[in-house]
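Asks: After the structure tokens below, expect a handful of questions from me.
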Amino acid sequence: MTEQLSTKTGIEQPEINILELNELEVYFELKKFGFQHAGYVRAVDGVSMKLRRGETIAIVGESGSGKTSLMRTILRLNTPTNGTVTFDGQVVNALNATALKQFRHKVGYVQQDPYGAMPPFMSVRSILEEPLKISGIKDKEERYQRVVKVMEEVKMTPVEEFLHKFPHQLSGGQQQRIVIARAMILNPVLLVADEPVSMLDASVRVEILKLLRNLQETHNLAVIYITHDLATVRYFSEYIFVMYAGQIIEKATESDLINHTAHPYTHALLAATSDPDPKNVDEFQDVPPGEPPSLVNPPEGCRFHPRCAHMIAGKCDTTRPPDFDLGNSHMVACWLFEDKGV
Amino acid sequence: MNEEKVIRIQDLKLHFITTKGPVQAVDGVNFDLTANKAVVVVGESGCGKTSLAKAILRLLPRNAGEYSGKVWLKDIETMSLSDEEYRKKIRWVRMSMVPQAAMNSLNPVLRVGEQVAEPMIVHYDVNKHEAFDQAAKMFQNVGVPVDFLTRYPFELSGGMRQRVAIAMSLVTGPDLVILDEPTSALDVLTQANIFNLLKRIKNELQTSFILITHDISTSSELADIVAVMYAGQIVEVSGSHRFFSNPRHPYSAKLMASVPRLRTKEEPDFIVGRPPSLINPPKGCRFAERCSKRFEKCSEEPPIYQFGEDWVKCWLYEGEGDQK
Amino acid sequence: MKNFKNTLREISHYPSAIFGVIIIILLVVLAIYAVNAIPYEEAVRQWRGGEEVVYKNPKNVPPAWFNYFTDKDLPISFAVVAGEDEEFTKVVTQGDTTDTIDYEYSFDFPYDEFPQELFLYIQSDYKVKNPFLSVVLETPDGGEIKISDFGASNKQTYRFSQDEKLATRLRRLHGKEIQVMRGLFSVPKSDPLKVNKGVYTLKIKATVFEKGTDVRIEFVNHGLVFGLFGTDHMRRDITTAILWGAPIALAFGLLAAAGTSILSMLIAAIGAWFGGWIDELIQRITEINLVLPFLSILIMVGTFYSRSIWVILGVTIALSIFTGAIKTDRAIFLQVKESTYIEAAKAYGAGDFRIIVRYLIPRIIPLLIPGLVSAVPSYVFLEASLALLGLGDPTLPTWGKVINDARENGALYKGQFYWILEPALLLMITGLGFAMFGFALDRIFNPRLRGM
């Protein structure tokens, strides 16, 4: 059964990169009075990453870090200003209409707002059938079978009970299951999940995350999980990218990131993520002062330097740090590790 | 230890009239809060926590139905006051609120300084100059630069706006501030900043807090006492040390188990099923349907068993504690 | 379907809505009846007038039920054909060389006023020798007035008032000069003139010299009231126009309102979705169109080009598409365009066309419907206004046309209020019905207005 559902390529190459980003830059032009040029918002400023088939990674960052723009560029909802996005060997920037449609069928997108992600006037069945209709499946019966199958996979059973419901009649968790079902219905190879549980109740979050993990295991999906909540990342991702002000400042496996944290910003993120511990009441958290920088005029050199307690004057404020390799695929872009890495 | 209670709530009820029947959002809530402490009311969405805030502050919508119970704010029983007396003496004088998504509830066409100063002008009849002075003091308290007094809300970031909303709730020096999901829309670092701020205010200004949230992890930053709300009722009130290590009520235990943690290795667990509808809540214990420990007695409404300052509403504790 | 039922239930909460719906249903029923009872060609024929159509009708008389409102009972017009209408009996007696046909018609005359005119329409199919007719009128008091003796021709109209011999006879009867109609129906030698109320009997004896010849006689009474809605200056029965006005008004109003709303919405959707120069172009066209004088252009088209109702409808829709509706619809679309589910649709490969038709437009349809319903009265009144200005379709019987005729013929000066009031009331009721229904729909579909 798994064979039916996972995609087949002509040649099985388990190590092939399903997604590759190369020095990606996404700048948005700011216009004054509608036509006068007033600078660029550098939402994504030089991001490179590789994702293998079946690998799950997380992109962690706060709002204003550029993770949303990065995600939208990967999904080709945005076009990059510079650099390339390569999917399964093909450069996504330059696809023609047919190839673009093929690409869209191979990438599933799960959004943050489960209710908003569905047209409120369509029934569950219609919502799930839409991608099938777009990809040209004309046989009504075949569509129905696929809808039923995918609903069983996301545990929306009994299926008959839900087919005719409308989004507002479902709970938050159920809505998100349908959104996930819709993302899965065309058997994608890559799933992009943008804060899929942050609008759900605490007790439901775990359910949905476990569901996503099951789906990933069953279909050998590559997953990009975007979030600002580090606590959930552990249950779901092998490799974590930390984004700040449009740049990736640390990449590590999940255990390295938590146990051998490198970048000061990552330290701050971890420190600010609370576990329910009664001792927290008496302790003040160590938060770097200030706020994330504007992406129109980011600071010179390392973008975190104005807030960093360990800033090296003369270095951090002038030159952008390169990636230093700390071993075990752990990269950090911070001058503090100049002599420790390569 | 005869610490003064800043608020005592007894059998508070608030029902809403809808076309489908009365929604019993707050259905007999009891708890007390000692002065200068913070209680966190945790619960899932739809358990009635926001309605609880509205009930305590008497911010009733048009379709409010039954509204009864007693609320003692130190020495005054507020439910017996008329609407006008309540407005003059209690709301935003001795009790105030930071509503959900507060940063979006600032008036976009007024400067933030004016908005923070307004409660002073309305309730204490001071002139504009003095009110602005007080507003400036509040800005300093919450960590917003004083020159932001003349800015408009859209010129501020989300975190700043939330601080302004907190300043607005503190400007009249109330005894009690109710915060409804104050940081749910904010980033982790900003969230931490806000909680640092709240901790400092609790110590320096000696304000008491009722914090309403579904986020158990962050609630531990402020909670001295935790109250768990389920289907319109409070089912457990425990001191934070007890709650975060060994909660009494089965629902609380499940809630704690469903929290993903950064620093421990356990896999979180989820709770099957959904909270009951508030329109026709089930008879007996409302959590019984989803409880793994239920037994026959749970079909009757459980009484309250007290353990010192803590209490729990669950048949499992029959025979222990003092029955109230 | 469930949505529909829910909507129906919500509508029933508003009394004004129910009232409006009832009015609309009645109008629709009226329209359907009109189209069935008087098919189109027939209606146009009747409306064109002409003697053979209107000979039975008196000129400019109010409707028959007008009698309820006056203290004086006015004589009601009628027309009966011998042998076809029951009460007008026709008995043929065969003789050796001649046939005798006896016609007899009794009618009640309880009125306080005299009829305008009486006619006998005679047709006979003889070849050489014409039949001879003898006409008498028996009065309620037992008297008998000799009307006339004459030879019939193939087709002939005998008009009572024009018969001088009859006039002379009546003068002798009453002892003074008297109009024929008054003379026939009043008590002889009464002063002041008193109406002779009671049953009159018209008796005609026809002597036919060619055996087998038939004489068809129609007795027509032009009273002072007629029918359901009265008559106009061309003696046309206004009922035709009243009945046919309903389907025309409804069709014009609904077609114009629906056409305009739907086309506006589509254009707004395309502009909002594609943005760029398409959007700019549409907005500029709209702004220019808003400045153009709508009625003046219609008048120009009607005067110089064609007054056909289809042309007027077409121009109305064309000029009404690029108006305020495009701006408001576009604003809503721009907002919906940013929705999360639209982004999701783009991500799973939906094309532009599909997004516009399947995802954007359904969001706006609930808002469209109240606007559509509320716009119908404007278009109904537009058509009536154009007719009033003399620019209506000349062949079609519409309410506006009736008002136009009335105005041109000085109806108000002459006290012929019914002529104006009947179409005007119907126009008002139509407007009222749609407006109330539209208003209630607005409250249902626009939740923010609830509670008002």
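As shown in the structure tokens, the chain order sets the letters A, B, ...; within each chain, residues go from 1, and ligands are also counted from 1 in the order they appear.
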List every residue of chain C that has an atom at most 12 Å from any atom of chain A, giving for each one its closest atom pair and the distance in Å to one decimal, counting only C-alpha atoms, sorted by chain and then by ascending residue number, as CSV.
Replies:
residue,atom,partner,partner_atom,distance
C:Met1,CA,A:His164,CA,12.0
C:Lys2,CA,A:His164,CA,11.1
C:Asn3,CA,A:Phe121,CA,9.9
C:Val336,CA,A:Pro119,CA,10.5
C:Lys337,CA,A:Pro119,CA,11.8
C:Glu338,CA,A:Gly116,CA,10.5
C:Ser339,CA,A:Gly116,CA,6.9
C:Thr340,CA,A:Ala117,CA,4.9
C:Tyr341,CA,A:Ala117,CA,4.0
C:Ile342,CA,A:Ala117,CA,7.7
C:Glu343,CA,A:Ala117,CA,8.0
C:Ala344,CA,A:Ala117,CA,6.4
C:Ala345,CA,A:Pro131,CA,8.3
C:Lys346,CA,A:Leu77,CA,7.4
C:Ala347,CA,A:Arg104,CA,6.1
C:Tyr348,CA,A:Arg104,CA,5.4
C:Gly349,CA,A:Arg104,CA,5.4
C:Ala350,CA,A:Ile134,CA,6.3
C:Gly351,CA,A:Ile134,CA,8.3
C:Asp352,CA,A:Ile134,CA,11.7
C:Phe353,CA,A:Ile134,CA,11.6
C:Arg354,CA,A:Ile134,CA,8.9
C:Ile355,CA,A:Glu130,CA,10.8
C:Arg358,CA,A:Pro119,CA,9.5
C:Tyr359,CA,A:Pro119,CA,6.9
C:Leu360,CA,A:Pro119,CA,9.3
C:Ile361,CA,A:Phe121,CA,10.9
C:Pro362,CA,A:Phe121,CA,7.5
C:Arg363,CA,A:Phe121,CA,7.7
C:Ile364,CA,A:Phe121,CA,10.9
C:Ile365,CA,A:Phe121,CA,10.9
C:Pro366,CA,A:Phe121,CA,10.7
Asks: DSSP on the backbone, then: every residue of segment 122-237 of chain A marked strand (DSSP E), written as a PyMOL selection string.
Replies: chain A and resi 190-194+222-227
Asks: Save the residues we just selected, N, CA, C and O atoms, as a compact mmCIF listing (two decimals), in the first residue's frame?
Replies:
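out_31.txt was written with the following content:
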# COMPACT_ATOMS: atom_id res chain seq x y z
N LEU A 190 7.32 16.69 -1.24
CA LEU A 190 7.78 17.66 -0.26
C LEU A 190 6.56 18.31 0.39
O LEU A 190 5.60 18.65 -0.28
N LEU A 191 6.64 18.45 1.69
CA LEU A 191 5.54 19.10 2.40
C LEU A 191 6.12 20.32 3.11
O LEU A 191 7.11 20.23 3.81
N VAL A 192 5.50 21.45 2.90
CA VAL A 192 5.92 22.67 3.59
C VAL A 192 4.85 23.03 4.60
O VAL A 192 3.70 23.25 4.22
N ALA A 193 5.20 23.03 5.86
CA ALA A 193 4.22 23.31 6.91
C ALA A 193 4.62 24.59 7.62
O ALA A 193 5.68 24.66 8.23
N ASP A 194 3.76 25.62 7.51
CA ASP A 194 4.07 26.91 8.11
C ASP A 194 3.30 27.04 9.41
O ASP A 194 2.10 27.27 9.41
N ALA A 222 9.69 14.57 2.29
CA ALA A 222 10.60 15.59 2.79
C ALA A 222 9.73 16.68 3.40
O ALA A 222 8.73 17.06 2.81
N VAL A 223 10.08 17.13 4.57
CA VAL A 223 9.22 18.12 5.23
C VAL A 223 10.03 19.33 5.64
O VAL A 223 11.11 19.19 6.21
N ILE A 224 9.49 20.49 5.34
CA ILE A 224 10.06 21.72 5.89
C ILE A 224 9.06 22.25 6.90
O ILE A 224 7.93 22.59 6.56
N TYR A 225 9.47 22.30 8.14
CA TYR A 225 8.56 22.70 9.22
C TYR A 225 9.02 24.07 9.71
O TYR A 225 10.13 24.22 10.20
N ILE A 226 8.17 25.04 9.53
CA ILE A 226 8.55 26.41 9.86
C ILE A 226 7.84 26.81 11.14
O ILE A 226 6.63 26.67 11.26
N THR A 227 8.57 27.34 12.09
CA THR A 227 7.96 27.66 13.36
C THR A 227 8.80 28.64 14.13
O THR A 227 9.94 28.93 13.77
Asks: Please indicate the distance in Å from atom CA of Gly301 of chain A to atom CA of Ser63 of chain A, rounded to one decimal place.
Replies: 21.0 Å
Asks: For segment 50-53 of chain C, work out the shell of residues within 10 Å, counting only C-alpha atoms and skipping chain neighbours fewer than 4 positions away, then give it as a list in words.
Replies: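 Here the answer would be Arg45, Gln46, Asn57, Met234, Arg235, Arg236 and Asp237 of chain C.
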Asks: Counting only C-alpha atoms, which residue out of B:Lys5, B:Glu44, B:Ile212, B:Asn63 sits closest to chain C?
Replies: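 Closest to chain C, using only C-alpha atoms: B:Asn63.
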Asks: How close does chain B get to chain A? List, as a tab-separated table, each residue of chain B within 7 Å, its nearest atom pair and the distance in Å to one decimal, counting only C-alpha atoms.
Replies:
residue	atom	partner	partner_atom	distance
B:Glu44	CA	A:Asp201	CA	6.0
B:Ser45	CA	A:Asp201	CA	6.5
B:Asp187	CA	A:Glu62	CA	5.7
B:Val188	CA	A:Ala272	CA	6.2
B:Leu189	CA	A:Ala272	CA	6.0
B:Ala192	CA	A:Ala272	CA	5.6
B:Asn193	CA	A:Val287	CA	6.6
B:Asn196	CA	A:Phe284	CA	5.7
B:His214	CA	A:Ala202	CA	6.6
B:Asp215	CA	A:Ala202	CA	6.6
B:Ile216	CA	A:Pro276	CA	6.4
B:Ser217	CA	A:Pro276	CA	4.4
B:Thr218	CA	A:Ser274	CA	5.8
B:Ser220	CA	A:Pro276	CA	5.3
B:Glu221	CA	A:Val281	CA	4.7
B:Leu222	CA	A:Val281	CA	5.1
B:Ala223	CA	A:Val281	CA	6.4
B:Ser240	CA	A:Pro278	CA	5.6
B:His241	CA	A:Pro278	CA	5.2
B:Phe244	CA	A:Asp277	CA	6.2
B:Leu255	CA	A:Ser203	CA	6.5
B:Ser258	CA	A:Ser203	CA	5.5
B:Val259	CA	A:Ala202	CA	6.8
B:Pro260	CA	A:Ala231	CA	5.6
B:Arg261	CA	A:Ala231	CA	5.3
B:Leu262	CA	A:Ala231	CA	4.7
B:Pro268	CA	A:Val206	CA	6.7
B:Asp269	CA	A:Val206	CA	6.7
B:Phe270	CA	A:Ser203	CA	5.5
B:Ile271	CA	A:Ser203	CA	6.2
Asks: Can I get the selected residues back with N, CA and C atoms, as a PDB file, in the first residue's frame?
Replies:
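Printed below is selection.pdb as written:
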ATOM      1  N   GLU B  44      -8.565  25.042  27.579  1.00  0.00           N
ATOM      2  CA  GLU B  44      -8.539  25.022  26.119  1.00  0.00           C
ATOM      3  C   GLU B  44      -9.480  26.087  25.589  1.00  0.00           C
ATOM      4  N   SER B  45      -9.462  26.278  24.283  1.00  0.00           N
ATOM      5  CA  SER B  45     -10.375  27.269  23.727  1.00  0.00           C
ATOM      6  C   SER B  45     -11.781  26.706  23.835  1.00  0.00           C
ATOM      7  N   ASP B 187       6.246  36.977  19.398  1.00  0.00           N
ATOM      8  CA  ASP B 187       7.382  36.073  19.281  1.00  0.00           C
ATOM      9  C   ASP B 187       7.924  35.680  20.642  1.00  0.00           C
ATOM     10  N   VAL B 188       8.739  34.651  20.596  1.00  0.00           N
ATOM     11  CA  VAL B 188       9.276  34.079  21.836  1.00  0.00           C
ATOM     12  C   VAL B 188      10.057  35.101  22.638  1.00  0.00           C
ATOM     13  N   LEU B 189      10.938  35.852  21.979  1.00  0.00           N
ATOM     14  CA  LEU B 189      11.763  36.784  22.751  1.00  0.00           C
ATOM     15  C   LEU B 189      10.936  37.931  23.303  1.00  0.00           C
ATOM     16  N   ALA B 192       9.073  36.721  26.234  1.00  0.00           N
ATOM     17  CA  ALA B 192       9.897  36.657  27.441  1.00  0.00           C
ATOM     18  C   ALA B 192      10.053  38.038  28.049  1.00  0.00           C
ATOM     19  N   ASN B 193      10.235  39.015  27.191  1.00  0.00           N
ATOM     20  CA  ASN B 193      10.342  40.393  27.665  1.00  0.00           C
ATOM     21  C   ASN B 193       9.093  40.831  28.416  1.00  0.00           C
ATOM     22  N   ASN B 196       8.957  39.214  31.752  1.00  0.00           N
ATOM     23  CA  ASN B 196       9.885  39.872  32.678  1.00  0.00           C
ATOM     24  C   ASN B 196       9.254  41.127  33.243  1.00  0.00           C
ATOM     25  N   HIS B 214      -3.950  29.611  27.346  1.00  0.00           N
ATOM     26  CA  HIS B 214      -3.978  28.167  27.119  1.00  0.00           C
ATOM     27  C   HIS B 214      -2.557  27.632  27.068  1.00  0.00           C
ATOM     28  N   ASP B 215      -1.591  28.536  27.157  1.00  0.00           N
ATOM     29  CA  ASP B 215      -0.187  28.145  27.018  1.00  0.00           C
ATOM     30  C   ASP B 215       0.386  27.855  28.395  1.00  0.00           C
ATOM     31  N   ILE B 216       0.475  26.572  28.716  1.00  0.00           N
ATOM     32  CA  ILE B 216       0.889  26.206  30.071  1.00  0.00           C
ATOM     33  C   ILE B 216       2.362  26.524  30.318  1.00  0.00           C
ATOM     34  N   SER B 217       3.169  26.381  29.274  1.00  0.00           N
ATOM     35  CA  SER B 217       4.599  26.613  29.469  1.00  0.00           C
ATOM     36  C   SER B 217       4.870  28.038  29.914  1.00  0.00           C
ATOM     37  N   THR B 218       4.328  28.994  29.173  1.00  0.00           N
ATOM     38  CA  THR B 218       4.626  30.376  29.562  1.00  0.00           C
ATOM     39  C   THR B 218       3.908  30.771  30.836  1.00  0.00           C
ATOM     40  N   SER B 220       3.895  29.305  33.488  1.00  0.00           N
ATOM     41  CA  SER B 220       4.733  29.035  34.651  1.00  0.00           C
ATOM     42  C   SER B 220       5.665  30.187  34.969  1.00  0.00           C
ATOM     43  N   GLU B 221       5.799  31.130  34.044  1.00  0.00           N
ATOM     44  CA  GLU B 221       6.654  32.281  34.308  1.00  0.00           C
ATOM     45  C   GLU B 221       6.036  33.216  35.331  1.00  0.00           C
ATOM     46  N   LEU B 222       4.736  33.190  35.444  1.00  0.00           N
ATOM     47  CA  LEU B 222       4.095  34.192  36.299  1.00  0.00           C
ATOM     48  C   LEU B 222       3.285  33.580  37.428  1.00  0.00           C
ATOM     49  N   ALA B 223       2.959  32.282  37.288  1.00  0.00           N
ATOM     50  CA  ALA B 223       1.937  31.731  38.172  1.00  0.00           C
ATOM     51  C   ALA B 223       2.425  31.457  39.573  1.00  0.00           C
ATOM     52  N   SER B 240       1.456  26.630  42.403  1.00  0.00           N
ATOM     53  CA  SER B 240       2.181  26.314  41.180  1.00  0.00           C
ATOM     54  C   SER B 240       3.156  25.153  41.385  1.00  0.00           C
ATOM     55  N   HIS B 241       3.792  25.090  42.529  1.00  0.00           N
ATOM     56  CA  HIS B 241       4.741  23.995  42.710  1.00  0.00           C
ATOM     57  C   HIS B 241       4.045  22.651  42.615  1.00  0.00           C
ATOM     58  N   PHE B 244       2.611  22.067  38.735  1.00  0.00           N
ATOM     59  CA  PHE B 244       3.509  21.726  37.633  1.00  0.00           C
ATOM     60  C   PHE B 244       4.243  20.411  37.859  1.00  0.00           C
ATOM     61  N   LEU B 255      -3.365  17.742  30.619  1.00  0.00           N
ATOM     62  CA  LEU B 255      -2.876  18.996  30.036  1.00  0.00           C
ATOM     63  C   LEU B 255      -1.367  19.075  30.173  1.00  0.00           C
ATOM     64  N   SER B 258       0.477  16.999  27.770  1.00  0.00           N
ATOM     65  CA  SER B 258       0.407  17.315  26.345  1.00  0.00           C
ATOM     66  C   SER B 258       1.333  18.446  25.954  1.00  0.00           C
ATOM     67  N   VAL B 259       2.113  18.936  26.890  1.00  0.00           N
ATOM     68  CA  VAL B 259       2.983  20.074  26.586  1.00  0.00           C
ATOM     69  C   VAL B 259       4.305  19.577  26.023  1.00  0.00           C
ATOM     70  N   PRO B 260       4.664  20.027  24.818  1.00  0.00           N
ATOM     71  CA  PRO B 260       5.981  19.631  24.301  1.00  0.00           C
ATOM     72  C   PRO B 260       7.059  20.371  25.083  1.00  0.00           C
ATOM     73  N   ARG B 261       8.065  19.625  25.512  1.00  0.00           N
ATOM     74  CA  ARG B 261       9.085  20.254  26.343  1.00  0.00           C
ATOM     75  C   ARG B 261      10.425  20.255  25.654  1.00  0.00           C
ATOM     76  N   LEU B 262      11.162  21.310  25.939  1.00  0.00           N
ATOM     77  CA  LEU B 262      12.466  21.456  25.333  1.00  0.00           C
ATOM     78  C   LEU B 262      13.520  20.654  26.078  1.00  0.00           C
ATOM     79  N   PRO B 268       5.156  13.958  24.247  1.00  0.00           N
ATOM     80  CA  PRO B 268       3.897  14.455  24.805  1.00  0.00           C
ATOM     81  C   PRO B 268       2.736  13.586  24.359  1.00  0.00           C
ATOM     82  N   ASP B 269       1.687  13.686  25.105  1.00  0.00           N
ATOM     83  CA  ASP B 269       0.515  12.877  24.866  1.00  0.00           C
ATOM     84  C   ASP B 269      -0.644  13.804  24.534  1.00  0.00           C
ATOM     85  N   PHE B 270      -1.631  13.300  23.800  1.00  0.00           N
ATOM     86  CA  PHE B 270      -2.747  14.199  23.568  1.00  0.00           C
ATOM     87  C   PHE B 270      -4.016  13.628  24.184  1.00  0.00           C
ATOM     88  N   ILE B 271      -5.002  14.504  24.318  1.00  0.00           N
ATOM     89  CA  ILE B 271      -6.261  14.094  24.945  1.00  0.00           C
ATOM     90  C   ILE B 271      -7.248  13.766  23.837  1.00  0.00           C
TER      91      ILE B 271
END
Asks: If we count only C-alpha atoms and set the cut-off at 12 Å, which residues sit around Ser292 of chain B, ignoring sequence neighbours fewer than 5 positions away in its own chain? Please answer as a PyMOL selection string.
Replies: chain B and resi 249-251+253-254+271-273+287+298+316
Asks: How would the residues just chosen look if you wrote them out with N, CA, C and O atoms as a short mmCIF file (atom, residue, chain, number, x, y, z; two decimals), in the first residue's frame?
Replies:
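In the end it all went to result_28.cif:
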data_model
loop_
_atom_site.label_atom_id
_atom_site.label_comp_id
_atom_site.auth_asym_id
_atom_site.auth_seq_id
_atom_site.Cartn_x
_atom_site.Cartn_y
_atom_site.Cartn_z
N HIS B 249 -6.24 16.99 39.44
CA HIS B 249 -7.35 16.60 38.56
C HIS B 249 -6.82 15.85 37.34
O HIS B 249 -5.79 16.21 36.78
N PRO B 250 -7.54 14.79 36.90
CA PRO B 250 -7.07 14.03 35.72
C PRO B 250 -6.91 14.92 34.48
O PRO B 250 -6.00 14.73 33.68
N TYR B 251 -7.77 15.92 34.33
CA TYR B 251 -7.64 16.79 33.18
C TYR B 251 -6.35 17.58 33.25
O TYR B 251 -5.63 17.74 32.26
N ALA B 253 -3.70 16.72 34.70
CA ALA B 253 -2.59 15.81 34.41
C ALA B 253 -2.43 15.63 32.91
O ALA B 253 -1.31 15.65 32.37
N LYS B 254 -3.55 15.48 32.22
CA LYS B 254 -3.48 15.32 30.77
C LYS B 254 -2.96 16.59 30.10
O LYS B 254 -2.19 16.53 29.14
N ILE B 271 -5.00 14.50 24.32
CA ILE B 271 -6.26 14.09 24.95
C ILE B 271 -7.25 13.77 23.84
O ILE B 271 -7.50 14.58 22.96
N VAL B 272 -7.86 12.60 23.92
CA VAL B 272 -8.83 12.23 22.89
C VAL B 272 -10.12 13.03 23.09
O VAL B 272 -10.45 13.43 24.20
N GLY B 273 -10.84 13.24 22.04
CA GLY B 273 -12.15 13.85 22.13
C GLY B 273 -12.07 15.37 22.17
O GLY B 273 -11.02 15.97 22.01
N PHE B 287 -15.93 16.32 32.64
CA PHE B 287 -14.77 15.75 31.97
C PHE B 287 -14.88 14.23 31.88
O PHE B 287 -14.06 13.59 31.22
N CYS B 298 -19.01 9.31 38.79
CA CYS B 298 -18.77 10.50 37.99
C CYS B 298 -20.00 11.00 37.25
O CYS B 298 -20.00 12.09 36.70
N LEU B 316 -12.43 11.40 42.61
CA LEU B 316 -11.29 10.57 42.97
C LEU B 316 -10.73 10.94 44.35
O LEU B 316 -10.01 10.17 44.96
#
Asks: Using only C-alpha atoms, pick whichever of B:Thr19, B:Ala257, B:Pro247, B:Ser208 has the shortest atom-to-atom distance to chain C.
Replies: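 Comparing B:Thr19, B:Ala257, B:Pro247, B:Ser208 against chain C, the winner is B:Thr19.
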Asks: When you draw a straight line from atom CA of Gly232 of chain B to atom CA of Arg91 of chain B, how long is it in Å?
Replies: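 Atom-to-atom, atom CA of Gly232 of chain B and atom CA of Arg91 of chain B are spaced 23.2 Å apart.
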Asks: For Met49 of chain A, list every protein, DNA or RNA residue within 9 Å, evaluated using only C-alpha atoms, and leave out those in the same chain fewer than 3 positions away; present the list as an mmCIF file with N, CA, C and O atoms, in the first residue's frame.
Replies:
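Output file out.cif is given in full below:
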data_model
loop_
_atom_site.group_PDB
_atom_site.id
_atom_site.type_symbol
_atom_site.label_atom_id
_atom_site.label_comp_id
_atom_site.auth_asym_id
_atom_site.auth_seq_id
_atom_site.Cartn_x
_atom_site.Cartn_y
_atom_site.Cartn_z
ATOM 1 N N LEU A 19 15.474 19.333 -2.830
ATOM 2 C CA LEU A 19 15.370 20.784 -2.873
ATOM 3 C C LEU A 19 16.739 21.378 -2.594
ATOM 4 O O LEU A 19 17.443 20.937 -1.694
ATOM 5 N N GLU A 20 17.086 22.363 -3.384
ATOM 6 C CA GLU A 20 18.363 23.019 -3.153
ATOM 7 C C GLU A 20 18.178 24.514 -3.292
ATOM 8 O O GLU A 20 17.616 24.983 -4.290
ATOM 9 N N LEU A 21 18.619 25.252 -2.298
ATOM 10 C CA LEU A 21 18.581 26.703 -2.393
ATOM 11 C C LEU A 21 20.009 27.194 -2.483
ATOM 12 O O LEU A 21 20.861 26.779 -1.696
ATOM 13 N N ASN A 22 20.261 28.084 -3.417
ATOM 14 C CA ASN A 22 21.620 28.527 -3.653
ATOM 15 C C ASN A 22 21.699 30.039 -3.597
ATOM 16 O O ASN A 22 21.238 30.718 -4.510
ATOM 17 N N GLU A 23 22.297 30.544 -2.509
ATOM 18 C CA GLU A 23 22.481 31.983 -2.371
ATOM 19 C C GLU A 23 21.199 32.731 -2.732
ATOM 20 O O GLU A 23 21.210 33.657 -3.535
ATOM 21 N N PHE A 241 17.363 24.819 11.026
ATOM 22 C CA PHE A 241 17.994 26.042 10.538
ATOM 23 C C PHE A 241 17.440 27.193 11.354
ATOM 24 O O PHE A 241 16.235 27.329 11.473
#
Asks: Considering only C-alpha atoms, return as a VMD selection string whatever protein or nucleic-acid residues lie within 12 Å of Gln233 of chain B, sequence-local ones (same chain, fewer than 5 positions apart) excluded.
Replies: chain B and resid 10 to 14 24 to 31 41 to 43 46 to 49 51 to 52 227 to 228 276 278 281 285 to 287 301 to 302 304 312 to 313
Asks: Please identify all polymer residues within 7 Å of segment 307-324 of chain A, counting only C-alpha atoms, omitting same-chain residues fewer than 3 positions from it, and present them as a list in words.
Replies: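 Contacts, with the query itself left out: Pro264, Pro288, Pro289, Gly290, Glu300, Gly301, Cys302, Phe304, Met331, Val332, Ala333, Cys334, Trp335, Phe337, Glu338, Gly341 and Val342 of chain A.
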